[in-house]
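Enquirer: Supplied in structure tokens, the structure appears directly below.
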Amino acid sequence: MFSVAAVQSAFQESLVQDDDVDVKNYVLAYQELCKFCSQLGRLFGFVVSDLEDKIGLLSQLMTEDEQHFSTVQSMITHETSKDLVFSGRSGSITLLRLNRGLEFIILFMSKLVHLQPNDSTKHCAQEAYNKTLARHHSWIIRNGALFAMNFLPCQKALYNQTLGNAPVEETLDTMPEMISKASMVHERVNNLLSGYEILNIP
């Protein structure tokens, strides 16, 4: 089951130096977030599969070349200097896509914690999506994603699906700090991507 504490810990550990991000811990945090996404229903299966593919590529690149793929800064510097950004197997582009997804997850969870147990979660999911990922998706994907969100349960049921037997109150207490760390990581990654003019690549 999904663990908010594990995500928080991984994102905390990924904050290295003053402005860099450790790729291994970024991947660990995202692997945990995939558990959350996988519990949202079968209609989200394609989303989880895509995220797992991207996480798998980053992990493989780290394994093949730890020196250049240990942090986001070293990865982007290496790929830009070797003209690998558009190679079709780019860690930088993969990270760009993952970080866009992370923005949606952060906003969705930020709204989720303010709901009452019996409140529907579909509206905050759709609002978060429209403010983040929707601007990067085609009309067909946008409509499919928004349709899938219509089937999201109320807050209480969503917590039960994603957290299993973990105490809800304890999770709610941890969630703001996890969101804070995730937001810091998201901002650092975006700043690094922007510095190399990668951030706005479609």
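Going through the structure tokens in order, the chains are called A, B, and so on, while each chain numbers its residues from 1 and the ligands are numbered from 1 in the order shown.
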Identify, on the basis of only C-alpha atoms, every residue whose closest approach to segment 17-26 of chain A does not exceed 7 Å; exclude the query and any residue fewer than 4 positions from it along the same chain; express the result as a PyMOL selection string.
Expert: chain A and resi 10-11+13+30+70-73+185+188-189
Enquirer: Which polymer residues have any atom within 10 Å of an atom of Leu61 of chain A, counting only C-alpha atoms, with same-chain residues fewer than 3 positions away left out, as number ranges by chain?
Expert: A: 56-58, 64-66, 68-70, 75, 89-91
Enquirer: Taking all heavy atoms for each residue, export the selection above as an mmCIF file, in the first residue's frame.
Expert:
data_model
loop_
_atom_site.group_PDB
_atom_site.id
_atom_site.type_symbol
_atom_site.label_atom_id
_atom_site.label_comp_id
_atom_site.auth_asym_id
_atom_site.auth_seq_id
_atom_site.Cartn_x
_atom_site.Cartn_y
_atom_site.Cartn_z
ATOM 1 N N GLY A 56 11.363 3.426 -14.928
ATOM 2 C CA GLY A 56 12.274 2.348 -15.313
ATOM 3 C C GLY A 56 13.431 2.847 -16.162
ATOM 4 O O GLY A 56 14.579 2.409 -15.982
ATOM 5 N N LEU A 57 13.147 3.785 -17.068
ATOM 6 C CA LEU A 57 14.209 4.333 -17.915
ATOM 7 C C LEU A 57 15.213 5.121 -17.082
ATOM 8 O O LEU A 57 16.431 4.960 -17.256
ATOM 9 C CB LEU A 57 13.611 5.237 -18.996
ATOM 10 C CG LEU A 57 14.629 5.964 -19.890
ATOM 11 C CD1 LEU A 57 15.555 4.974 -20.590
ATOM 12 C CD2 LEU A 57 13.933 6.851 -20.912
ATOM 13 N N LEU A 58 14.737 5.949 -16.153
ATOM 14 C CA LEU A 58 15.658 6.700 -15.295
ATOM 15 C C LEU A 58 16.529 5.757 -14.471
ATOM 16 O O LEU A 58 17.731 5.975 -14.323
ATOM 17 C CB LEU A 58 14.878 7.632 -14.364
ATOM 18 C CG LEU A 58 14.378 8.957 -14.936
ATOM 19 C CD1 LEU A 58 13.712 9.785 -13.843
ATOM 20 C CD2 LEU A 58 15.509 9.747 -15.584
ATOM 21 N N GLU A 64 23.477 2.302 -15.725
ATOM 22 C CA GLU A 64 24.468 2.274 -16.801
ATOM 23 C C GLU A 64 25.571 3.319 -16.628
ATOM 24 O O GLU A 64 26.705 3.099 -17.037
ATOM 25 C CB GLU A 64 23.763 2.496 -18.145
ATOM 26 C CG GLU A 64 22.822 1.367 -18.543
ATOM 27 C CD GLU A 64 22.006 1.718 -19.779
ATOM 28 O OE1 GLU A 64 22.167 2.844 -20.296
ATOM 29 O OE2 GLU A 64 21.212 0.872 -20.223
ATOM 30 N N ASP A 65 25.198 4.460 -16.036
ATOM 31 C CA ASP A 65 26.164 5.569 -15.939
ATOM 32 C C ASP A 65 25.872 6.383 -14.677
ATOM 33 O O ASP A 65 25.341 7.495 -14.751
ATOM 34 C CB ASP A 65 26.059 6.451 -17.183
ATOM 35 C CG ASP A 65 27.152 7.513 -17.244
ATOM 36 O OD1 ASP A 65 27.906 7.648 -16.269
ATOM 37 O OD2 ASP A 65 27.227 8.224 -18.272
ATOM 38 N N GLU A 66 26.254 5.842 -13.539
ATOM 39 C CA GLU A 66 25.949 6.492 -12.262
ATOM 40 C C GLU A 66 26.621 7.855 -12.133
ATOM 41 O O GLU A 66 26.072 8.783 -11.536
ATOM 42 C CB GLU A 66 26.370 5.587 -11.103
ATOM 43 C CG GLU A 66 25.960 6.119 -9.736
ATOM 44 C CD GLU A 66 26.294 5.153 -8.619
ATOM 45 O OE1 GLU A 66 26.756 4.022 -8.914
ATOM 46 O OE2 GLU A 66 26.090 5.524 -7.458
ATOM 47 N N HIS A 68 27.138 10.195 -14.335
ATOM 48 C CA HIS A 68 26.450 11.289 -15.007
ATOM 49 C C HIS A 68 24.956 11.368 -14.695
ATOM 50 O O HIS A 68 24.309 12.372 -15.037
ATOM 51 C CB HIS A 68 26.636 11.169 -16.532
ATOM 52 C CG HIS A 68 28.040 11.415 -16.972
ATOM 53 N ND1 HIS A 68 28.800 10.457 -17.607
ATOM 54 C CD2 HIS A 68 28.850 12.501 -16.838
ATOM 55 C CE1 HIS A 68 30.004 10.941 -17.866
ATOM 56 N NE2 HIS A 68 30.061 12.179 -17.409
ATOM 57 N N PHE A 69 24.408 10.340 -14.080
ATOM 58 C CA PHE A 69 22.965 10.333 -13.835
ATOM 59 C C PHE A 69 22.608 10.248 -12.351
ATOM 60 O O PHE A 69 21.508 9.865 -11.997
ATOM 61 C CB PHE A 69 22.313 9.173 -14.602
ATOM 62 C CG PHE A 69 22.280 9.391 -16.088
ATOM 63 C CD1 PHE A 69 23.355 9.000 -16.878
ATOM 64 C CD2 PHE A 69 21.210 10.012 -16.693
ATOM 65 C CE1 PHE A 69 23.358 9.217 -18.250
ATOM 66 C CE2 PHE A 69 21.190 10.237 -18.067
ATOM 67 C CZ PHE A 69 22.269 9.828 -18.845
ATOM 68 N N SER A 70 23.538 10.640 -11.485
ATOM 69 C CA SER A 70 23.266 10.573 -10.049
ATOM 70 C C SER A 70 22.409 11.740 -9.573
ATOM 71 O O SER A 70 21.606 11.597 -8.646
ATOM 72 C CB SER A 70 24.572 10.532 -9.257
ATOM 73 O OG SER A 70 25.349 11.690 -9.532
ATOM 74 N N MET A 75 22.973 15.065 -14.811
ATOM 75 C CA MET A 75 22.299 14.419 -15.937
ATOM 76 C C MET A 75 22.049 15.406 -17.072
ATOM 77 O O MET A 75 22.355 15.131 -18.240
ATOM 78 C CB MET A 75 20.970 13.805 -15.477
ATOM 79 C CG MET A 75 20.136 13.200 -16.594
ATOM 80 S SD MET A 75 18.658 12.360 -15.969
ATOM 81 C CE MET A 75 17.702 13.765 -15.381
ATOM 82 N N ARG A 89 15.988 8.580 -25.850
ATOM 83 C CA ARG A 89 16.224 7.842 -24.596
ATOM 84 C C ARG A 89 16.823 8.812 -23.573
ATOM 85 O O ARG A 89 17.790 8.522 -22.903
ATOM 86 C CB ARG A 89 17.180 6.671 -24.863
ATOM 87 C CG ARG A 89 17.236 5.617 -23.767
ATOM 88 C CD ARG A 89 18.007 4.401 -24.274
ATOM 89 N NE ARG A 89 18.174 3.419 -23.210
ATOM 90 C CZ ARG A 89 19.246 3.357 -22.420
ATOM 91 N NH1 ARG A 89 20.225 4.228 -22.582
ATOM 92 N NH2 ARG A 89 19.334 2.439 -21.473
ATOM 93 N N SER A 90 16.216 9.972 -23.505
ATOM 94 C CA SER A 90 16.759 11.058 -22.705
ATOM 95 C C SER A 90 16.222 11.052 -21.277
ATOM 96 O O SER A 90 15.004 11.047 -21.057
ATOM 97 C CB SER A 90 16.424 12.402 -23.368
ATOM 98 O OG SER A 90 16.657 13.472 -22.484
ATOM 99 N N GLY A 91 17.134 11.089 -20.320
ATOM 100 C CA GLY A 91 16.724 11.199 -18.932
ATOM 101 C C GLY A 91 16.112 12.555 -18.648
ATOM 102 O O GLY A 91 15.180 12.678 -17.841
#
Enquirer: Applying 8 Å and only C-alpha atoms, which residues near Gln8 of chain A remain after dropping the ones on its own chain fewer than 5 positions away? List them as a ChimeraX atom specification.
Expert: /A:29,177-179,181-182
Enquirer: For the selection you just gave me, I'd like the residues written to a file as a short mmCIF file (atom, residue, chain, number, x, y, z; two decimals), in the first residue's frame, keeping all heavy atoms.
Expert:
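Printed below is part.cif as written:
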data_model
loop_
_atom_site.label_atom_id
_atom_site.label_comp_id
_atom_site.auth_asym_id
_atom_site.auth_seq_id
_atom_site.Cartn_x
_atom_site.Cartn_y
_atom_site.Cartn_z
N ALA A 29 10.71 8.03 -4.54
CA ALA A 29 9.48 8.74 -4.18
C ALA A 29 8.39 8.48 -5.21
O ALA A 29 7.23 8.23 -4.86
CB ALA A 29 9.76 10.24 -4.06
N GLU A 177 3.62 17.96 5.24
CA GLU A 177 5.08 17.97 5.15
C GLU A 177 5.55 17.26 3.88
O GLU A 177 6.51 17.69 3.23
CB GLU A 177 5.69 17.31 6.39
CG GLU A 177 7.21 17.37 6.44
CD GLU A 177 7.77 18.77 6.51
OE1 GLU A 177 7.03 19.70 6.87
OE2 GLU A 177 8.96 18.95 6.18
N MET A 178 4.87 16.17 3.53
CA MET A 178 5.22 15.47 2.29
C MET A 178 4.98 16.36 1.09
O MET A 178 5.82 16.44 0.17
CB MET A 178 4.38 14.18 2.17
CG MET A 178 4.74 13.34 0.95
SD MET A 178 3.84 13.82 -0.56
CE MET A 178 2.24 13.07 -0.24
N ILE A 179 3.85 17.05 1.08
CA ILE A 179 3.52 17.96 -0.02
C ILE A 179 4.55 19.08 -0.10
O ILE A 179 4.97 19.48 -1.19
CB ILE A 179 2.09 18.53 0.16
CG1 ILE A 179 1.06 17.41 -0.04
CG2 ILE A 179 1.84 19.67 -0.82
CD1 ILE A 179 -0.35 17.81 0.36
N LYS A 181 7.77 18.96 0.85
CA LYS A 181 9.02 18.43 0.30
C LYS A 181 8.89 18.17 -1.20
O LYS A 181 9.81 18.46 -1.98
CB LYS A 181 9.42 17.15 1.03
CG LYS A 181 9.71 17.31 2.52
CD LYS A 181 10.78 18.35 2.79
CE LYS A 181 11.03 18.47 4.29
NZ LYS A 181 11.88 19.64 4.61
N ALA A 182 7.75 17.61 -1.59
CA ALA A 182 7.53 17.34 -3.02
C ALA A 182 7.54 18.63 -3.82
O ALA A 182 8.08 18.68 -4.93
CB ALA A 182 6.20 16.61 -3.20
#
Enquirer: Could you go through chain A and tell me which residues DSSP, when run on the backbone, assigns to alpha helix (DSSP H), listing them as an MDAnalysis selection string?
Expert: chainID A and resid 4:14 23:38 45:64 66:69 72:81 91:112 122:131 139:149 155:163 168:195
Enquirer: Would you give me, as an NGL selection string, the residues in segment 11-137 of chain A that DSSP reads as strand (DSSP E)?
Expert: :A and (15-16 or 20-21)
Enquirer: As an mmCIF file with N, CA, C and O atoms, in the first residue's frame, please: the residues near Met175 of chain A (cut-off 10 Å, only C-alpha atoms, same-chain neighbours under 2 positions excluded).
Expert:
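Generated file (selection27.cif):
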data_model
loop_
_atom_site.group_PDB
_atom_site.id
_atom_site.type_symbol
_atom_site.label_atom_id
_atom_site.label_comp_id
_atom_site.auth_asym_id
_atom_site.auth_seq_id
_atom_site.Cartn_x
_atom_site.Cartn_y
_atom_site.Cartn_z
ATOM 1 N N VAL A 4 2.657 7.655 2.758
ATOM 2 C CA VAL A 4 2.991 9.079 2.691
ATOM 3 C C VAL A 4 4.362 9.331 3.318
ATOM 4 O O VAL A 4 5.162 10.117 2.799
ATOM 5 N N ALA A 5 4.632 8.639 4.423
ATOM 6 C CA ALA A 5 5.917 8.815 5.119
ATOM 7 C C ALA A 5 7.087 8.418 4.232
ATOM 8 O O ALA A 5 8.147 9.070 4.247
ATOM 9 N N VAL A 7 7.194 8.547 0.926
ATOM 10 C CA VAL A 7 7.345 9.591 -0.094
ATOM 11 C C VAL A 7 8.062 10.800 0.497
ATOM 12 O O VAL A 7 8.985 11.354 -0.105
ATOM 13 N N GLN A 8 7.615 11.203 1.679
ATOM 14 C CA GLN A 8 8.234 12.349 2.344
ATOM 15 C C GLN A 8 9.729 12.115 2.563
ATOM 16 O O GLN A 8 10.561 12.989 2.290
ATOM 17 N N MET A 109 -3.341 16.310 -4.117
ATOM 18 C CA MET A 109 -3.235 15.955 -2.698
ATOM 19 C C MET A 109 -3.426 17.166 -1.797
ATOM 20 O O MET A 109 -3.977 17.046 -0.687
ATOM 21 N N SER A 110 -2.991 18.334 -2.263
ATOM 22 C CA SER A 110 -3.184 19.557 -1.481
ATOM 23 C C SER A 110 -4.666 19.851 -1.296
ATOM 24 O O SER A 110 -5.089 20.328 -0.229
ATOM 25 N N LEU A 112 -7.034 17.464 -1.571
ATOM 26 C CA LEU A 112 -7.614 16.280 -0.941
ATOM 27 C C LEU A 112 -7.681 16.414 0.580
ATOM 28 O O LEU A 112 -8.669 16.026 1.205
ATOM 29 N N VAL A 113 -6.636 16.955 1.181
ATOM 30 C CA VAL A 113 -6.567 17.024 2.643
ATOM 31 C C VAL A 113 -7.588 17.987 3.235
ATOM 32 O O VAL A 113 -7.881 17.921 4.440
ATOM 33 N N GLU A 169 -5.566 9.347 10.365
ATOM 34 C CA GLU A 169 -5.189 10.577 11.066
ATOM 35 C C GLU A 169 -3.684 10.809 11.005
ATOM 36 O O GLU A 169 -3.221 11.936 10.804
ATOM 37 N N GLU A 170 -2.932 9.732 11.178
ATOM 38 C CA GLU A 170 -1.469 9.832 11.119
ATOM 39 C C GLU A 170 -1.020 10.268 9.730
ATOM 40 O O GLU A 170 -0.103 11.080 9.576
ATOM 41 N N THR A 171 -1.691 9.725 8.716
ATOM 42 C CA THR A 171 -1.374 10.082 7.337
ATOM 43 C C THR A 171 -1.692 11.550 7.064
ATOM 44 O O THR A 171 -0.908 12.266 6.431
ATOM 45 N N LEU A 172 -2.838 12.004 7.540
ATOM 46 C CA LEU A 172 -3.235 13.392 7.335
ATOM 47 C C LEU A 172 -2.261 14.350 8.020
ATOM 48 O O LEU A 172 -2.001 15.445 7.515
ATOM 49 N N ASP A 173 -1.720 13.934 9.149
ATOM 50 C CA ASP A 173 -0.732 14.766 9.848
ATOM 51 C C ASP A 173 0.568 14.862 9.067
ATOM 52 O O ASP A 173 1.263 15.878 9.116
ATOM 53 N N GLU A 177 3.621 17.958 5.239
ATOM 54 C CA GLU A 177 5.079 17.970 5.153
ATOM 55 C C GLU A 177 5.551 17.256 3.885
ATOM 56 O O GLU A 177 6.513 17.693 3.230
ATOM 57 N N MET A 178 4.871 16.170 3.531
ATOM 58 C CA MET A 178 5.218 15.466 2.293
ATOM 59 C C MET A 178 4.977 16.363 1.087
ATOM 60 O O MET A 178 5.817 16.444 0.173
ATOM 61 N N ILE A 179 3.846 17.049 1.077
ATOM 62 C CA ILE A 179 3.521 17.959 -0.021
ATOM 63 C C ILE A 179 4.552 19.079 -0.104
ATOM 64 O O ILE A 179 4.972 19.482 -1.192
ATOM 65 N N SER A 180 4.990 19.566 1.049
ATOM 66 C CA SER A 180 6.000 20.620 1.096
ATOM 67 C C SER A 180 7.320 20.161 0.477
ATOM 68 O O SER A 180 7.918 20.877 -0.341
ATOM 69 N N LYS A 181 7.770 18.963 0.849
ATOM 70 C CA LYS A 181 9.024 18.433 0.304
ATOM 71 C C LYS A 181 8.891 18.168 -1.195
ATOM 72 O O LYS A 181 9.807 18.457 -1.980
#
Enquirer: For Lys131 of chain A, please output as JSON, numbers by chain all residues within 12 Å (counting only C-alpha atoms; exclusion window: fewer than 6 positions along the same chain).
Expert: {"A": [100, 101, 103, 104, 105, 106, 107, 108, 124, 125, 137, 142]}
Enquirer: Got a sec: who's within 7 Å of Asn118 of chain A, counting only C-alpha atoms, leaving out chain neighbours fewer than 6 positions off, as a ChimeraX atom specification?
Expert: /A:154-156
Enquirer: Produce a file of the selected residues containing all heavy atoms, as a PDB file, in the first residue's frame.
Expert:
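again_32.pdb, freshly written:
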ATOM      1  N   CYS A 154     -15.328   9.095  -2.724  1.00  0.00           N
ATOM      2  CA  CYS A 154     -15.238  10.151  -1.733  1.00  0.00           C
ATOM      3  C   CYS A 154     -13.883  10.068  -1.017  1.00  0.00           C
ATOM      4  O   CYS A 154     -13.158   9.079  -1.157  1.00  0.00           O
ATOM      5  CB  CYS A 154     -16.374  10.051  -0.715  1.00  0.00           C
ATOM      6  SG  CYS A 154     -16.296   8.576   0.337  1.00  0.00           S
ATOM      7  N   GLN A 155     -13.566  11.098  -0.254  1.00  0.00           N
ATOM      8  CA  GLN A 155     -12.258  11.153   0.392  1.00  0.00           C
ATOM      9  C   GLN A 155     -12.003   9.931   1.271  1.00  0.00           C
ATOM     10  O   GLN A 155     -10.929   9.322   1.232  1.00  0.00           O
ATOM     11  CB  GLN A 155     -12.127  12.432   1.223  1.00  0.00           C
ATOM     12  CG  GLN A 155     -10.729  12.667   1.779  1.00  0.00           C
ATOM     13  CD  GLN A 155     -10.755  13.309   3.154  1.00  0.00           C
ATOM     14  OE1 GLN A 155     -11.415  12.822   4.054  1.00  0.00           O
ATOM     15  NE2 GLN A 155     -10.016  14.402   3.301  1.00  0.00           N
ATOM     16  N   LYS A 156     -12.963   9.574   2.095  1.00  0.00           N
ATOM     17  CA  LYS A 156     -12.788   8.455   3.025  1.00  0.00           C
ATOM     18  C   LYS A 156     -12.500   7.159   2.275  1.00  0.00           C
ATOM     19  O   LYS A 156     -11.581   6.405   2.635  1.00  0.00           O
ATOM     20  CB  LYS A 156     -14.032   8.301   3.895  1.00  0.00           C
ATOM     21  CG  LYS A 156     -13.939   7.166   4.911  1.00  0.00           C
ATOM     22  CD  LYS A 156     -15.211   7.068   5.741  1.00  0.00           C
ATOM     23  CE  LYS A 156     -15.140   5.920   6.744  1.00  0.00           C
ATOM     24  NZ  LYS A 156     -16.391   5.819   7.554  1.00  0.00           N
TER      25      LYS A 156
END
Enquirer: I'd like to know which of A:Cys37, A:Val27, A:His186, A:His136 is closest to Leu163 of chain A, using only C-alpha atoms.
Expert: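 Under the stated criterion, the closest residue is A:Cys37.
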